[in-house]
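J.: Take this structure first; my questions come after.
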Amino acid sequence: MYLKASDTVSGRLGRVYATIDGRNEEMLYVKNITATAIKHKTQVPVIGSASVQYRAGGWSGRGTMSIYYATSVFRRLMIDYIKTGKDTYFDLVVENDDPSSSAGGQTVMLKGVNLDSIALARIDIDAEVLDEKIEFTFDDAELLEAFK
């Protein structure tokens with residue numbers, strides 16, 4: 001058995017949705033997004049062994065997304081935090097949906113997403129299209145739909 005080209009999933013076919021303060025928004029301006037769960041491990045030396053073993057002791061969620069510089073949604077959240085100290089946590093749903101892939105679709109929900117930083121203003125004389133990279137954390141995740 002081997003992987004067929006038709007089993008692969010196109011990186012262009014999918015959607016990202018945000019639920020911010022009870023509002024659902026399809027994030028058409030997302031270019032790419034990656035969310036990673038990172039295990040935190042403790043070294044455990046053991047008598048009688050030259051190797052060090054590891055034990056998981058928690059995790060953290062970190063992510064990045066590149067977006068076209070065409071929305072003020074995240075700038076509003078950051079300016080609200082700057083002015084009032086009220087931080088906003090929201091959920092992101094990331095769908096892979098390539099109808100030609102035999103793998104089917106996958107949907108992951110990231111919960112408790114919180115922005116690390118955001119460009120408040122941007123101009124770039126050399127750029128034909130403005131974009132920006134946003135880093136974030138999250139504190140929970142659900143696999144709503146799995147690949148076949």
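We name chains A, B, ... following the order of the structure tokens; residues begin at 1 in each chain, and ligands are numbered from 1 as shown.
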Applying 10 Å and only C-alpha atoms, which residues near segment 49-60 of chain A remain after dropping the ones on its own chain fewer than 5 positions away? List them as a PyMOL selection string.

T.: chain A and resi 36-44+137-140

J.: Run DSSP on the backbone and grab whatever in chain A lands in strand (DSSP E); send it over as number ranges by chain.

T.: A: 14-20, 23-26, 30-45, 52-68, 90-97, 105-115, 131-138, 140-145

J.: Given only C-alpha atoms as the basis, pick out the residue of A:Ser117, A:Ser10, A:Thr84, A:Asn96 nearest to Leu144 of chain A.

T.: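 Nearest to Leu144 of chain A: A:Asn96.
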
J.: Within 8 Å of Lys148 of chain A, counting only C-alpha atoms, which residues qualify if same-chain residues fewer than 2 places away don't, as a short mmCIF file (atom, residue, chain, number, x, y, z; two decimals) with C-alpha atoms, in the first residue's frame?

T.:
data_model
loop_
_atom_site.label_atom_id
_atom_site.label_comp_id
_atom_site.auth_asym_id
_atom_site.auth_seq_id
_atom_site.Cartn_x
_atom_site.Cartn_y
_atom_site.Cartn_z
CA SER A 102 -10.02 10.64 -0.75
CA ALA A 103 -8.90 11.65 2.76
CA GLY A 104 -12.07 13.70 3.19
CA GLY A 105 -12.10 16.71 5.47
CA ALA A 146 -11.17 13.68 11.37
#

J.: What does the distance from atom CA of Asp126 of chain A to atom CA of Glu26 of chain A come to in Å, to one decimal?

T.: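 These two atoms are separated by 29.0 Å.
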
J.: Show me, as a PyMOL selection string, the residues that have an atom within 9 Å of Met65 of chain A when counting only C-alpha atoms, minus same-chain residues fewer than 5 positions from it.

T.: chain A and resi 30-35+132-136

J.: DSSP on the backbone: which residues in chain A end up as alpha helix (DSSP H)? Give the answer as a list in words.

T.: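 Listing alpha helix (DSSP H) positions across chain A yields Val73, Phe74, Arg75, Arg76, Leu77, Met78, Ile79, Asp80, Tyr81, Ile82, Lys83 and Thr84 of chain A.
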
J.: Put those residues in a file: N, CA, C and O atoms, as a CSV table (one decimal), in the first residue's frame.

T.:
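File part.csv, as written:
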chain,number,residue,atom,x,y,z
A,73,VAL,N,-10.2,43.7,12.5
A,73,VAL,CA,-10.7,42.9,13.6
A,73,VAL,C,-9.7,42.8,14.8
A,73,VAL,O,-10.0,43.1,15.9
A,74,PHE,N,-8.5,42.4,14.4
A,74,PHE,CA,-7.5,42.1,15.5
A,74,PHE,C,-6.9,43.4,16.0
A,74,PHE,O,-6.5,43.5,17.2
A,75,ARG,N,-6.8,44.5,15.2
A,75,ARG,CA,-6.3,45.8,15.7
A,75,ARG,C,-7.3,46.3,16.7
A,75,ARG,O,-7.0,46.9,17.7
A,76,ARG,N,-8.6,46.1,16.5
A,76,ARG,CA,-9.7,46.6,17.4
A,76,ARG,C,-9.5,45.9,18.8
A,76,ARG,O,-9.6,46.5,19.8
A,77,LEU,N,-9.2,44.5,18.7
A,77,LEU,CA,-9.0,43.8,20.0
A,77,LEU,C,-7.8,44.3,20.7
A,77,LEU,O,-7.9,44.4,22.0
A,78,MET,N,-6.7,44.6,20.0
A,78,MET,CA,-5.5,45.0,20.7
A,78,MET,C,-5.7,46.4,21.2
A,78,MET,O,-5.3,46.7,22.3
A,79,ILE,N,-6.3,47.3,20.5
A,79,ILE,CA,-6.5,48.7,21.0
A,79,ILE,C,-7.5,48.7,22.2
A,79,ILE,O,-7.3,49.4,23.1
A,80,ASP,N,-8.5,47.8,22.2
A,80,ASP,CA,-9.3,47.7,23.3
A,80,ASP,C,-8.5,47.3,24.5
A,80,ASP,O,-8.7,47.8,25.6
A,81,TYR,N,-7.6,46.3,24.3
A,81,TYR,CA,-6.7,45.9,25.5
A,81,TYR,C,-5.8,47.1,25.9
A,81,TYR,O,-5.7,47.3,27.1
A,82,ILE,N,-5.3,47.8,25.0
A,82,ILE,CA,-4.4,49.0,25.3
A,82,ILE,C,-5.2,50.0,26.1
A,82,ILE,O,-4.7,50.5,27.1
A,83,LYS,N,-6.4,50.3,25.7
A,83,LYS,CA,-7.2,51.4,26.3
A,83,LYS,C,-7.9,50.9,27.6
A,83,LYS,O,-8.0,51.8,28.5
A,84,THR,N,-8.3,49.7,27.7
A,84,THR,CA,-9.2,49.3,28.9
A,84,THR,C,-8.5,48.2,29.7
A,84,THR,O,-9.0,47.9,30.8

J.: I'd like to know which of A:Glu128, A:Thr19, A:Asp7, A:Ile67 is closest to Leu110 of chain A, using only C-alpha atoms.

T.: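 Looking only at the distances to Leu110 of chain A, the closest residue turns out to be A:Thr19.
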
J.: What does the distance from atom CA of Glu25 of chain A to atom CA of Gly112 of chain A come to in Å, to one decimal?

T.: 16.0 Å
